[in-house]
Amino acid sequence: MTYNVRAARTSDVRGILALLDPWVQRRVLLGKEVVTLFEAVQEFVVAESDGELIGCGALHVMWEDLGEIRTLIVADGWLHHGVGGAIVASLEARARELGLTRLFCLTFEVDFFARRGFSPIGEQIVEPDVYSQLLRSPDEGVAEFLDLAHVKPNTLGNTRMLKHL
């Protein structure tokens, strides 16, 4: 069972949606509009095997030193084969290339991310001036990072985690 991880292309968006849909149906992940995925395709990497998408993940820059790993998905048949770890490693390499020094994730998969150096975080993890700037972002992931009240229904049961690169 071989696979490779590469930057996503616009032709991968429908495959990313197909990977996402079962997790949306299970209410594990929030759904995304097709247009949102096209707008963010440059943030994604995909894992593929024999031309089939078997996983994906995205790196979203939140601040000069801070990014978020989001939409990390591995197809059921490929779980526990290192695909998720390879995607995270690729996203971490991209984060370092961009000059990021911290990565955030919001996850149910605490053990998976803990094995990769992430730790649960508390309330105040950015300086007050950065916090006030982040409050201006319309991005839901930023709101989840800040633990704002209006996203609490999205975050129930999830753990906010951070890794220093």
# chains A, B, ... in the order shown; residues from 1 in each chain; ligands from 1
$ select_by_dssp --residues "stretch 108-140 of chain A" --states "helix (DSSP H, G or I)" --output "ChimeraX atom specification"
/A:110-114,128-134,140
$ residues_around --residues "A:Phe44" --least-positions-apart "5" --cutoff "6 Å" --atoms "only C-alpha atoms" --output "ChimeraX atom specification"
/A:8,57-58
$ closest_residue --among "A:Gly51, A:Gly77, A:Gly141, A:Gly157" --to "A:Val5" --atoms "only C-alpha atoms"
A:Gly51
$ closest_residue --among "A:Val41, A:Leu20, A:Met1, A:Leu106" --to "A:Glu140" --atoms "only C-alpha atoms"
A:Leu106
$ select_by_dssp --residues "chain A" --states "strand (DSSP E)" --output "PDB file with N, CA, C and O atoms, in the first residue's frame"
ATOM      1  N   ASN A   4       1.533   8.851  -1.939  1.00  0.00           N
ATOM      2  CA  ASN A   4       2.399  10.024  -1.856  1.00  0.00           C
ATOM      3  C   ASN A   4       1.559  11.222  -1.421  1.00  0.00           C
ATOM      4  O   ASN A   4       0.338  11.246  -1.601  1.00  0.00           O
ATOM      5  N   VAL A   5       2.225  12.195  -0.821  1.00  0.00           N
ATOM      6  CA  VAL A   5       1.583  13.426  -0.371  1.00  0.00           C
ATOM      7  C   VAL A   5       2.115  14.546  -1.246  1.00  0.00           C
ATOM      8  O   VAL A   5       3.325  14.650  -1.461  1.00  0.00           O
ATOM      9  N   ARG A   6       1.198  15.364  -1.753  1.00  0.00           N
ATOM     10  CA  ARG A   6       1.585  16.459  -2.642  1.00  0.00           C
ATOM     11  C   ARG A   6       0.647  17.643  -2.432  1.00  0.00           C
ATOM     12  O   ARG A   6      -0.406  17.517  -1.795  1.00  0.00           O
ATOM     13  N   ALA A   7       1.031  18.783  -2.985  1.00  0.00           N
ATOM     14  CA  ALA A   7       0.166  19.957  -2.950  1.00  0.00           C
ATOM     15  C   ALA A   7      -1.113  19.670  -3.730  1.00  0.00           C
ATOM     16  O   ALA A   7      -1.086  19.002  -4.770  1.00  0.00           O
ATOM     17  N   PHE A  44      -4.089  23.329   0.903  1.00  0.00           N
ATOM     18  CA  PHE A  44      -4.238  21.881   1.054  1.00  0.00           C
ATOM     19  C   PHE A  44      -3.061  21.089   0.501  1.00  0.00           C
ATOM     20  O   PHE A  44      -2.439  21.466  -0.486  1.00  0.00           O
ATOM     21  N   VAL A  45      -2.827  19.948   1.144  1.00  0.00           N
ATOM     22  CA  VAL A  45      -2.046  18.871   0.564  1.00  0.00           C
ATOM     23  C   VAL A  45      -2.983  17.671   0.513  1.00  0.00           C
ATOM     24  O   VAL A  45      -3.948  17.585   1.275  1.00  0.00           O
ATOM     25  N   VAL A  46      -2.703  16.772  -0.402  1.00  0.00           N
ATOM     26  CA  VAL A  46      -3.506  15.559  -0.518  1.00  0.00           C
ATOM     27  C   VAL A  46      -2.578  14.357  -0.519  1.00  0.00           C
ATOM     28  O   VAL A  46      -1.421  14.447  -0.924  1.00  0.00           O
ATOM     29  N   ALA A  47      -3.117  13.248  -0.057  1.00  0.00           N
ATOM     30  CA  ALA A  47      -2.428  11.959  -0.173  1.00  0.00           C
ATOM     31  C   ALA A  47      -3.174  11.171  -1.231  1.00  0.00           C
ATOM     32  O   ALA A  47      -4.413  11.175  -1.261  1.00  0.00           O
ATOM     33  N   GLU A  48      -2.416  10.532  -2.114  1.00  0.00           N
ATOM     34  CA  GLU A  48      -3.060   9.744  -3.156  1.00  0.00           C
ATOM     35  C   GLU A  48      -2.340   8.416  -3.338  1.00  0.00           C
ATOM     36  O   GLU A  48      -1.150   8.294  -3.065  1.00  0.00           O
ATOM     37  N   SER A  49      -3.118   7.451  -3.772  1.00  0.00           N
ATOM     38  CA  SER A  49      -2.592   6.134  -4.089  1.00  0.00           C
ATOM     39  C   SER A  49      -3.229   5.697  -5.405  1.00  0.00           C
ATOM     40  O   SER A  49      -4.469   5.693  -5.513  1.00  0.00           O
ATOM     41  N   GLU A  52      -6.006   7.855  -6.713  1.00  0.00           N
ATOM     42  CA  GLU A  52      -7.180   8.054  -5.862  1.00  0.00           C
ATOM     43  C   GLU A  52      -6.782   8.857  -4.631  1.00  0.00           C
ATOM     44  O   GLU A  52      -5.771   8.554  -3.979  1.00  0.00           O
ATOM     45  N   LEU A  53      -7.585   9.887  -4.293  1.00  0.00           N
ATOM     46  CA  LEU A  53      -7.327  10.641  -3.068  1.00  0.00           C
ATOM     47  C   LEU A  53      -7.704   9.796  -1.862  1.00  0.00           C
ATOM     48  O   LEU A  53      -8.812   9.267  -1.790  1.00  0.00           O
ATOM     49  N   ILE A  54      -6.763   9.687  -0.929  1.00  0.00           N
ATOM     50  CA  ILE A  54      -6.994   8.875   0.267  1.00  0.00           C
ATOM     51  C   ILE A  54      -6.877   9.707   1.538  1.00  0.00           C
ATOM     52  O   ILE A  54      -7.092   9.210   2.635  1.00  0.00           O
ATOM     53  N   GLY A  55      -6.528  10.984   1.393  1.00  0.00           N
ATOM     54  CA  GLY A  55      -6.418  11.851   2.550  1.00  0.00           C
ATOM     55  C   GLY A  55      -6.138  13.282   2.129  1.00  0.00           C
ATOM     56  O   GLY A  55      -5.755  13.548   0.987  1.00  0.00           O
ATOM     57  N   CYS A  56      -6.354  14.195   3.083  1.00  0.00           N
ATOM     58  CA  CYS A  56      -6.070  15.599   2.819  1.00  0.00           C
ATOM     59  C   CYS A  56      -5.888  16.326   4.145  1.00  0.00           C
ATOM     60  O   CYS A  56      -6.230  15.816   5.206  1.00  0.00           O
ATOM     61  N   GLY A  57      -5.359  17.508   4.050  1.00  0.00           N
ATOM     62  CA  GLY A  57      -5.224  18.383   5.196  1.00  0.00           C
ATOM     63  C   GLY A  57      -4.835  19.758   4.699  1.00  0.00           C
ATOM     64  O   GLY A  57      -4.316  19.905   3.588  1.00  0.00           O
ATOM     65  N   ALA A  58      -5.106  20.769   5.515  1.00  0.00           N
ATOM     66  CA  ALA A  58      -4.818  22.139   5.111  1.00  0.00           C
ATOM     67  C   ALA A  58      -4.049  22.864   6.196  1.00  0.00           C
ATOM     68  O   ALA A  58      -4.176  22.555   7.390  1.00  0.00           O
ATOM     69  N   LEU A  59      -3.254  23.827   5.769  1.00  0.00           N
ATOM     70  CA  LEU A  59      -2.535  24.728   6.668  1.00  0.00           C
ATOM     71  C   LEU A  59      -3.068  26.127   6.425  1.00  0.00           C
ATOM     72  O   LEU A  59      -2.929  26.663   5.322  1.00  0.00           O
ATOM     73  N   HIS A  60      -3.691  26.695   7.426  1.00  0.00           N
ATOM     74  CA  HIS A  60      -4.252  28.043   7.335  1.00  0.00           C
ATOM     75  C   HIS A  60      -3.430  28.973   8.211  1.00  0.00           C
ATOM     76  O   HIS A  60      -3.284  28.726   9.405  1.00  0.00           O
ATOM     77  N   VAL A  61      -2.874  30.015   7.608  1.00  0.00           N
ATOM     78  CA  VAL A  61      -2.091  30.997   8.371  1.00  0.00           C
ATOM     79  C   VAL A  61      -3.053  31.898   9.125  1.00  0.00           C
ATOM     80  O   VAL A  61      -3.989  32.465   8.540  1.00  0.00           O
ATOM     81  N   MET A  62      -2.806  32.046  10.443  1.00  0.00           N
ATOM     82  CA  MET A  62      -3.658  32.868  11.290  1.00  0.00           C
ATOM     83  C   MET A  62      -2.976  34.172  11.714  1.00  0.00           C
ATOM     84  O   MET A  62      -3.641  35.174  11.935  1.00  0.00           O
ATOM     85  N   TRP A  63      -1.665  34.127  11.861  1.00  0.00           N
ATOM     86  CA  TRP A  63      -0.908  35.294  12.310  1.00  0.00           C
ATOM     87  C   TRP A  63       0.529  35.102  11.857  1.00  0.00           C
ATOM     88  O   TRP A  63       0.881  34.042  11.328  1.00  0.00           O
ATOM     89  N   LEU A  66       1.734  31.970  13.572  1.00  0.00           N
ATOM     90  CA  LEU A  66       0.728  30.997  13.978  1.00  0.00           C
ATOM     91  C   LEU A  66      -0.086  30.502  12.792  1.00  0.00           C
ATOM     92  O   LEU A  66      -0.595  31.293  11.995  1.00  0.00           O
ATOM     93  N   GLY A  67      -0.214  29.178  12.692  1.00  0.00           N
ATOM     94  CA  GLY A  67      -1.050  28.569  11.669  1.00  0.00           C
ATOM     95  C   GLY A  67      -1.940  27.508  12.282  1.00  0.00           C
ATOM     96  O   GLY A  67      -1.734  27.096  13.427  1.00  0.00           O
ATOM     97  N   GLU A  68      -2.912  27.077  11.515  1.00  0.00           N
ATOM     98  CA  GLU A  68      -3.825  26.025  11.964  1.00  0.00           C
ATOM     99  C   GLU A  68      -3.806  24.867  10.976  1.00  0.00           C
ATOM    100  O   GLU A  68      -3.862  25.069   9.766  1.00  0.00           O
ATOM    101  N   ILE A  69      -3.727  23.660  11.496  1.00  0.00           N
ATOM    102  CA  ILE A  69      -3.956  22.463  10.690  1.00  0.00           C
ATOM    103  C   ILE A  69      -5.448  22.201  10.751  1.00  0.00           C
ATOM    104  O   ILE A  69      -6.028  22.078  11.833  1.00  0.00           O
ATOM    105  N   ARG A  70      -6.055  22.145   9.574  1.00  0.00           N
ATOM    106  CA  ARG A  70      -7.506  21.949   9.513  1.00  0.00           C
ATOM    107  C   ARG A  70      -7.866  20.978   8.391  1.00  0.00           C
ATOM    108  O   ARG A  70      -7.061  20.694   7.516  1.00  0.00           O
ATOM    109  N   THR A  71      -9.080  20.476   8.481  1.00  0.00           N
ATOM    110  CA  THR A  71      -9.633  19.557   7.486  1.00  0.00           C
ATOM    111  C   THR A  71      -8.689  18.379   7.229  1.00  0.00           C
ATOM    112  O   THR A  71      -8.442  17.983   6.101  1.00  0.00           O
ATOM    113  N   LEU A  72      -8.166  17.817   8.311  1.00  0.00           N
ATOM    114  CA  LEU A  72      -7.319  16.624   8.206  1.00  0.00           C
ATOM    115  C   LEU A  72      -8.225  15.405   8.143  1.00  0.00           C
ATOM    116  O   LEU A  72      -8.977  15.119   9.076  1.00  0.00           O
ATOM    117  N   ILE A  73      -8.167  14.715   7.009  1.00  0.00           N
ATOM    118  CA  ILE A  73      -9.046  13.567   6.767  1.00  0.00           C
ATOM    119  C   ILE A  73      -8.244  12.444   6.129  1.00  0.00           C
ATOM    120  O   ILE A  73      -7.426  12.685   5.243  1.00  0.00           O
ATOM    121  N   VAL A  74      -8.499  11.231   6.587  1.00  0.00           N
ATOM    122  CA  VAL A  74      -7.934  10.036   5.958  1.00  0.00           C
ATOM    123  C   VAL A  74      -9.095   9.086   5.673  1.00  0.00           C
ATOM    124  O   VAL A  74      -9.946   8.859   6.543  1.00  0.00           O
ATOM    125  N   ARG A 102       4.340  28.231  15.476  1.00  0.00           N
ATOM    126  CA  ARG A 102       3.326  27.537  16.272  1.00  0.00           C
ATOM    127  C   ARG A 102       2.217  27.048  15.363  1.00  0.00           C
ATOM    128  O   ARG A 102       1.826  27.731  14.431  1.00  0.00           O
ATOM    129  N   LEU A 103       1.714  25.844  15.675  1.00  0.00           N
ATOM    130  CA  LEU A 103       0.585  25.276  14.936  1.00  0.00           C
ATOM    131  C   LEU A 103      -0.536  24.930  15.907  1.00  0.00           C
ATOM    132  O   LEU A 103      -0.304  24.296  16.938  1.00  0.00           O
ATOM    133  N   PHE A 104      -1.730  25.324  15.545  1.00  0.00           N
ATOM    134  CA  PHE A 104      -2.939  25.078  16.319  1.00  0.00           C
ATOM    135  C   PHE A 104      -3.765  24.006  15.608  1.00  0.00           C
ATOM    136  O   PHE A 104      -3.741  23.901  14.384  1.00  0.00           O
ATOM    137  N   CYS A 105      -4.508  23.226  16.371  1.00  0.00           N
ATOM    138  CA  CYS A 105      -5.533  22.359  15.797  1.00  0.00           C
ATOM    139  C   CYS A 105      -6.676  22.230  16.790  1.00  0.00           C
ATOM    140  O   CYS A 105      -6.492  22.374  18.000  1.00  0.00           O
ATOM    141  N   LEU A 106      -7.852  21.995  16.275  1.00  0.00           N
ATOM    142  CA  LEU A 106      -9.042  21.729  17.065  1.00  0.00           C
ATOM    143  C   LEU A 106      -9.460  20.317  16.692  1.00  0.00           C
ATOM    144  O   LEU A 106      -9.767  20.053  15.531  1.00  0.00           O
ATOM    145  N   THR A 107      -9.435  19.404  17.662  1.00  0.00           N
ATOM    146  CA  THR A 107      -9.547  17.994  17.284  1.00  0.00           C
ATOM    147  C   THR A 107     -10.226  17.126  18.332  1.00  0.00           C
ATOM    148  O   THR A 107     -10.196  17.428  19.528  1.00  0.00           O
ATOM    149  N   SER A 119       0.035  19.836  22.303  1.00  0.00           N
ATOM    150  CA  SER A 119      -0.432  19.783  23.688  1.00  0.00           C
ATOM    151  C   SER A 119      -1.714  20.597  23.823  1.00  0.00           C
ATOM    152  O   SER A 119      -1.870  21.627  23.156  1.00  0.00           O
ATOM    153  N   PRO A 120      -2.623  20.155  24.706  1.00  0.00           N
ATOM    154  CA  PRO A 120      -3.834  20.957  24.955  1.00  0.00           C
ATOM    155  C   PRO A 120      -3.455  22.350  25.448  1.00  0.00           C
ATOM    156  O   PRO A 120      -2.446  22.517  26.140  1.00  0.00           O
ATOM    157  N   THR A 159     -10.762  19.287  21.414  1.00  0.00           N
ATOM    158  CA  THR A 159      -9.684  19.810  22.237  1.00  0.00           C
ATOM    159  C   THR A 159      -8.873  20.780  21.397  1.00  0.00           C
ATOM    160  O   THR A 159      -8.523  20.469  20.267  1.00  0.00           O
ATOM    161  N   ARG A 160      -8.600  21.939  21.967  1.00  0.00           N
ATOM    162  CA  ARG A 160      -7.741  22.923  21.317  1.00  0.00           C
ATOM    163  C   ARG A 160      -6.303  22.563  21.670  1.00  0.00           C
ATOM    164  O   ARG A 160      -5.972  22.442  22.840  1.00  0.00           O
ATOM    165  N   MET A 161      -5.455  22.371  20.644  1.00  0.00           N
ATOM    166  CA  MET A 161      -4.082  21.935  20.876  1.00  0.00           C
ATOM    167  C   MET A 161      -3.110  22.833  20.121  1.00  0.00           C
ATOM    168  O   MET A 161      -3.464  23.432  19.101  1.00  0.00           O
ATOM    169  N   LEU A 162      -1.875  22.889  20.619  1.00  0.00           N
ATOM    170  CA  LEU A 162      -0.865  23.740  20.030  1.00  0.00           C
ATOM    171  C   LEU A 162       0.471  23.009  20.013  1.00  0.00           C
ATOM    172  O   LEU A 162       0.787  22.237  20.925  1.00  0.00           O
ATOM    173  N   LYS A 163       1.257  23.267  18.976  1.00  0.00           N
ATOM    174  CA  LYS A 163       2.598  22.717  18.875  1.00  0.00           C
ATOM    175  C   LYS A 163       3.556  23.848  18.546  1.00  0.00           C
ATOM    176  O   LYS A 163       3.281  24.680  17.688  1.00  0.00           O
ATOM    177  N   HIS A 164       4.686  23.869  19.253  1.00  0.00           N
ATOM    178  CA  HIS A 164       5.769  24.798  18.922  1.00  0.00           C
ATOM    179  C   HIS A 164       6.717  24.083  17.987  1.00  0.00           C
ATOM    180  O   HIS A 164       7.198  22.993  18.285  1.00  0.00           O
TER     181      HIS A 164
END
$ atom_distance --atom1 "atom CA of A:Leu134" --atom2 "atom CA of A:Leu148"
11.1 Å
$ closest_residue --among "A:Leu30, A:Leu146, A:Arg115, A:Arg94" --to "A:Pro128" --atoms "only C-alpha atoms"
A:Leu146
$ residues_around --residues "A:Asp65" --least-positions-apart "6" --cutoff "7 Å" --atoms "only C-alpha atoms" --output "VMD selection string"
chain A and resid 99 to 102
$ write_last_selection --atoms "N, CA and C atoms" --output "compact mmCIF listing (two decimals), in the first residue's frame"
# COMPACT_ATOMS: atom_id res chain seq x y z
N GLY A 99 7.67 30.40 7.83
CA GLY A 99 8.17 31.11 9.00
C GLY A 99 7.29 31.00 10.22
N LEU A 100 6.34 30.08 10.20
CA LEU A 100 5.48 29.89 11.37
C LEU A 100 6.25 29.14 12.45
N THR A 101 5.96 29.45 13.69
CA THR A 101 6.62 28.78 14.80
C THR A 101 5.65 28.04 15.72
N ARG A 102 4.34 28.23 15.48
CA ARG A 102 3.33 27.54 16.27
C ARG A 102 2.22 27.05 15.36
$ closest_residue --among "A:Ile121, A:Asp12, A:Glu64, A:Phe112" --to "A:Gly82" --atoms "only C-alpha atoms"
A:Phe112
$ closest_residue --among "A:His80, A:Leu98, A:Phe145, A:Val110" --to "A:Val126" --atoms "only C-alpha atoms"
A:Phe145
$ closest_residue --among "A:Thr2, A:Gly117, A:Glu109, A:Asp129" --to "A:Asp50" --atoms "only C-alpha atoms"
A:Thr2
$ atom_distance --atom1 "atom CA of A:Arg116" --atom2 "atom CA of A:Ala93"
13.2 Å
$ decode --residues "stretch 100-113 of chain A" --atoms "all heavy atoms" --output "PDB file, in the first residue's frame"
ATOM      1  N   LEU A 100       6.338  30.084  10.199  1.00  0.00           N
ATOM      2  CA  LEU A 100       5.480  29.891  11.369  1.00  0.00           C
ATOM      3  C   LEU A 100       6.246  29.143  12.447  1.00  0.00           C
ATOM      4  O   LEU A 100       7.079  28.285  12.136  1.00  0.00           O
ATOM      5  CB  LEU A 100       4.221  29.112  10.988  1.00  0.00           C
ATOM      6  CG  LEU A 100       3.343  29.734   9.903  1.00  0.00           C
ATOM      7  CD1 LEU A 100       2.153  28.829   9.600  1.00  0.00           C
ATOM      8  CD2 LEU A 100       2.880  31.120  10.296  1.00  0.00           C
ATOM      9  N   THR A 101       5.956  29.453  13.687  1.00  0.00           N
ATOM     10  CA  THR A 101       6.621  28.777  14.803  1.00  0.00           C
ATOM     11  C   THR A 101       5.646  28.042  15.723  1.00  0.00           C
ATOM     12  O   THR A 101       6.068  27.330  16.624  1.00  0.00           O
ATOM     13  CB  THR A 101       7.429  29.780  15.655  1.00  0.00           C
ATOM     14  OG1 THR A 101       6.557  30.810  16.145  1.00  0.00           O
ATOM     15  CG2 THR A 101       8.557  30.397  14.837  1.00  0.00           C
ATOM     16  N   ARG A 102       4.340  28.231  15.476  1.00  0.00           N
ATOM     17  CA  ARG A 102       3.326  27.537  16.272  1.00  0.00           C
ATOM     18  C   ARG A 102       2.217  27.048  15.363  1.00  0.00           C
ATOM     19  O   ARG A 102       1.826  27.731  14.431  1.00  0.00           O
ATOM     20  CB  ARG A 102       2.726  28.464  17.338  1.00  0.00           C
ATOM     21  CG  ARG A 102       3.730  28.962  18.350  1.00  0.00           C
ATOM     22  CD  ARG A 102       3.092  29.839  19.406  1.00  0.00           C
ATOM     23  NE  ARG A 102       2.478  31.019  18.810  1.00  0.00           N
ATOM     24  CZ  ARG A 102       1.562  31.768  19.431  1.00  0.00           C
ATOM     25  NH1 ARG A 102       1.161  31.463  20.649  1.00  0.00           N
ATOM     26  NH2 ARG A 102       1.051  32.834  18.837  1.00  0.00           N
ATOM     27  N   LEU A 103       1.714  25.844  15.675  1.00  0.00           N
ATOM     28  CA  LEU A 103       0.585  25.276  14.936  1.00  0.00           C
ATOM     29  C   LEU A 103      -0.536  24.930  15.907  1.00  0.00           C
ATOM     30  O   LEU A 103      -0.304  24.296  16.938  1.00  0.00           O
ATOM     31  CB  LEU A 103       0.998  24.021  14.182  1.00  0.00           C
ATOM     32  CG  LEU A 103       1.797  24.227  12.911  1.00  0.00           C
ATOM     33  CD1 LEU A 103       2.180  22.884  12.305  1.00  0.00           C
ATOM     34  CD2 LEU A 103       1.022  25.064  11.917  1.00  0.00           C
ATOM     35  N   PHE A 104      -1.730  25.324  15.545  1.00  0.00           N
ATOM     36  CA  PHE A 104      -2.939  25.078  16.319  1.00  0.00           C
ATOM     37  C   PHE A 104      -3.765  24.006  15.608  1.00  0.00           C
ATOM     38  O   PHE A 104      -3.741  23.901  14.384  1.00  0.00           O
ATOM     39  CB  PHE A 104      -3.747  26.385  16.406  1.00  0.00           C
ATOM     40  CG  PHE A 104      -5.170  26.217  16.843  1.00  0.00           C
ATOM     41  CD1 PHE A 104      -5.482  25.958  18.165  1.00  0.00           C
ATOM     42  CD2 PHE A 104      -6.208  26.347  15.926  1.00  0.00           C
ATOM     43  CE1 PHE A 104      -6.798  25.815  18.574  1.00  0.00           C
ATOM     44  CE2 PHE A 104      -7.535  26.199  16.320  1.00  0.00           C
ATOM     45  CZ  PHE A 104      -7.827  25.942  17.651  1.00  0.00           C
ATOM     46  N   CYS A 105      -4.508  23.226  16.371  1.00  0.00           N
ATOM     47  CA  CYS A 105      -5.533  22.359  15.797  1.00  0.00           C
ATOM     48  C   CYS A 105      -6.676  22.230  16.790  1.00  0.00           C
ATOM     49  O   CYS A 105      -6.492  22.374  18.000  1.00  0.00           O
ATOM     50  CB  CYS A 105      -4.988  20.981  15.422  1.00  0.00           C
ATOM     51  SG  CYS A 105      -4.536  19.952  16.809  1.00  0.00           S
ATOM     52  N   LEU A 106      -7.852  21.995  16.275  1.00  0.00           N
ATOM     53  CA  LEU A 106      -9.042  21.729  17.065  1.00  0.00           C
ATOM     54  C   LEU A 106      -9.460  20.317  16.692  1.00  0.00           C
ATOM     55  O   LEU A 106      -9.767  20.053  15.531  1.00  0.00           O
ATOM     56  CB  LEU A 106     -10.145  22.733  16.721  1.00  0.00           C
ATOM     57  CG  LEU A 106     -11.461  22.548  17.460  1.00  0.00           C
ATOM     58  CD1 LEU A 106     -11.300  22.911  18.939  1.00  0.00           C
ATOM     59  CD2 LEU A 106     -12.547  23.415  16.820  1.00  0.00           C
ATOM     60  N   THR A 107      -9.435  19.404  17.662  1.00  0.00           N
ATOM     61  CA  THR A 107      -9.547  17.994  17.284  1.00  0.00           C
ATOM     62  C   THR A 107     -10.226  17.126  18.332  1.00  0.00           C
ATOM     63  O   THR A 107     -10.196  17.428  19.528  1.00  0.00           O
ATOM     64  CB  THR A 107      -8.142  17.433  16.995  1.00  0.00           C
ATOM     65  OG1 THR A 107      -8.261  16.100  16.507  1.00  0.00           O
ATOM     66  CG2 THR A 107      -7.254  17.449  18.226  1.00  0.00           C
ATOM     67  N   PHE A 108     -10.808  16.036  17.838  1.00  0.00           N
ATOM     68  CA  PHE A 108     -11.245  14.938  18.698  1.00  0.00           C
ATOM     69  C   PHE A 108     -10.112  13.928  18.852  1.00  0.00           C
ATOM     70  O   PHE A 108     -10.127  13.105  19.751  1.00  0.00           O
ATOM     71  CB  PHE A 108     -12.448  14.205  18.086  1.00  0.00           C
ATOM     72  CG  PHE A 108     -13.726  14.987  18.064  1.00  0.00           C
ATOM     73  CD1 PHE A 108     -14.254  15.436  16.868  1.00  0.00           C
ATOM     74  CD2 PHE A 108     -14.410  15.270  19.236  1.00  0.00           C
ATOM     75  CE1 PHE A 108     -15.444  16.145  16.833  1.00  0.00           C
ATOM     76  CE2 PHE A 108     -15.595  15.977  19.218  1.00  0.00           C
ATOM     77  CZ  PHE A 108     -16.113  16.416  18.008  1.00  0.00           C
ATOM     78  N   GLU A 109      -9.137  13.979  17.956  1.00  0.00           N
ATOM     79  CA  GLU A 109      -8.054  12.992  17.900  1.00  0.00           C
ATOM     80  C   GLU A 109      -6.850  13.453  18.729  1.00  0.00           C
ATOM     81  O   GLU A 109      -5.750  13.667  18.218  1.00  0.00           O
ATOM     82  CB  GLU A 109      -7.647  12.732  16.449  1.00  0.00           C
ATOM     83  CG  GLU A 109      -8.768  12.205  15.582  1.00  0.00           C
ATOM     84  CD  GLU A 109      -9.295  10.851  16.046  1.00  0.00           C
ATOM     85  OE1 GLU A 109      -8.500  10.074  16.629  1.00  0.00           O
ATOM     86  OE2 GLU A 109     -10.483  10.567  15.811  1.00  0.00           O
ATOM     87  N   VAL A 110      -7.072  13.588  20.026  1.00  0.00           N
ATOM     88  CA  VAL A 110      -6.057  14.128  20.932  1.00  0.00           C
ATOM     89  C   VAL A 110      -4.803  13.263  20.938  1.00  0.00           C
ATOM     90  O   VAL A 110      -3.685  13.787  20.855  1.00  0.00           O
ATOM     91  CB  VAL A 110      -6.640  14.288  22.357  1.00  0.00           C
ATOM     92  CG1 VAL A 110      -5.574  14.722  23.346  1.00  0.00           C
ATOM     93  CG2 VAL A 110      -7.797  15.288  22.331  1.00  0.00           C
ATOM     94  N   ASP A 111      -4.945  11.968  21.023  1.00  0.00           N
ATOM     95  CA  ASP A 111      -3.776  11.084  21.082  1.00  0.00           C
ATOM     96  C   ASP A 111      -2.939  11.177  19.807  1.00  0.00           C
ATOM     97  O   ASP A 111      -1.707  11.211  19.862  1.00  0.00           O
ATOM     98  CB  ASP A 111      -4.191   9.630  21.323  1.00  0.00           C
ATOM     99  CG  ASP A 111      -4.762   9.407  22.717  1.00  0.00           C
ATOM    100  OD1 ASP A 111      -4.503  10.242  23.608  1.00  0.00           O
ATOM    101  OD2 ASP A 111      -5.467   8.404  22.908  1.00  0.00           O
ATOM    102  N   PHE A 112      -3.596  11.222  18.651  1.00  0.00           N
ATOM    103  CA  PHE A 112      -2.894  11.343  17.371  1.00  0.00           C
ATOM    104  C   PHE A 112      -2.024  12.598  17.362  1.00  0.00           C
ATOM    105  O   PHE A 112      -0.843  12.547  17.036  1.00  0.00           O
ATOM    106  CB  PHE A 112      -3.912  11.388  16.219  1.00  0.00           C
ATOM    107  CG  PHE A 112      -3.309  11.718  14.883  1.00  0.00           C
ATOM    108  CD1 PHE A 112      -2.758  10.722  14.099  1.00  0.00           C
ATOM    109  CD2 PHE A 112      -3.303  13.025  14.408  1.00  0.00           C
ATOM    110  CE1 PHE A 112      -2.196  11.016  12.852  1.00  0.00           C
ATOM    111  CE2 PHE A 112      -2.748  13.338  13.169  1.00  0.00           C
ATOM    112  CZ  PHE A 112      -2.195  12.331  12.400  1.00  0.00           C
ATOM    113  N   PHE A 113      -2.603  13.727  17.729  1.00  0.00           N
ATOM    114  CA  PHE A 113      -1.842  14.976  17.710  1.00  0.00           C
ATOM    115  C   PHE A 113      -0.821  15.036  18.848  1.00  0.00           C
ATOM    116  O   PHE A 113       0.267  15.579  18.661  1.00  0.00           O
ATOM    117  CB  PHE A 113      -2.780  16.182  17.726  1.00  0.00           C
ATOM    118  CG  PHE A 113      -3.356  16.478  16.370  1.00  0.00           C
ATOM    119  CD1 PHE A 113      -4.627  16.045  16.032  1.00  0.00           C
ATOM    120  CD2 PHE A 113      -2.620  17.163  15.421  1.00  0.00           C
ATOM    121  CE1 PHE A 113      -5.158  16.308  14.770  1.00  0.00           C
ATOM    122  CE2 PHE A 113      -3.130  17.428  14.157  1.00  0.00           C
ATOM    123  CZ  PHE A 113      -4.407  16.997  13.835  1.00  0.00           C
TER     124      PHE A 113
END
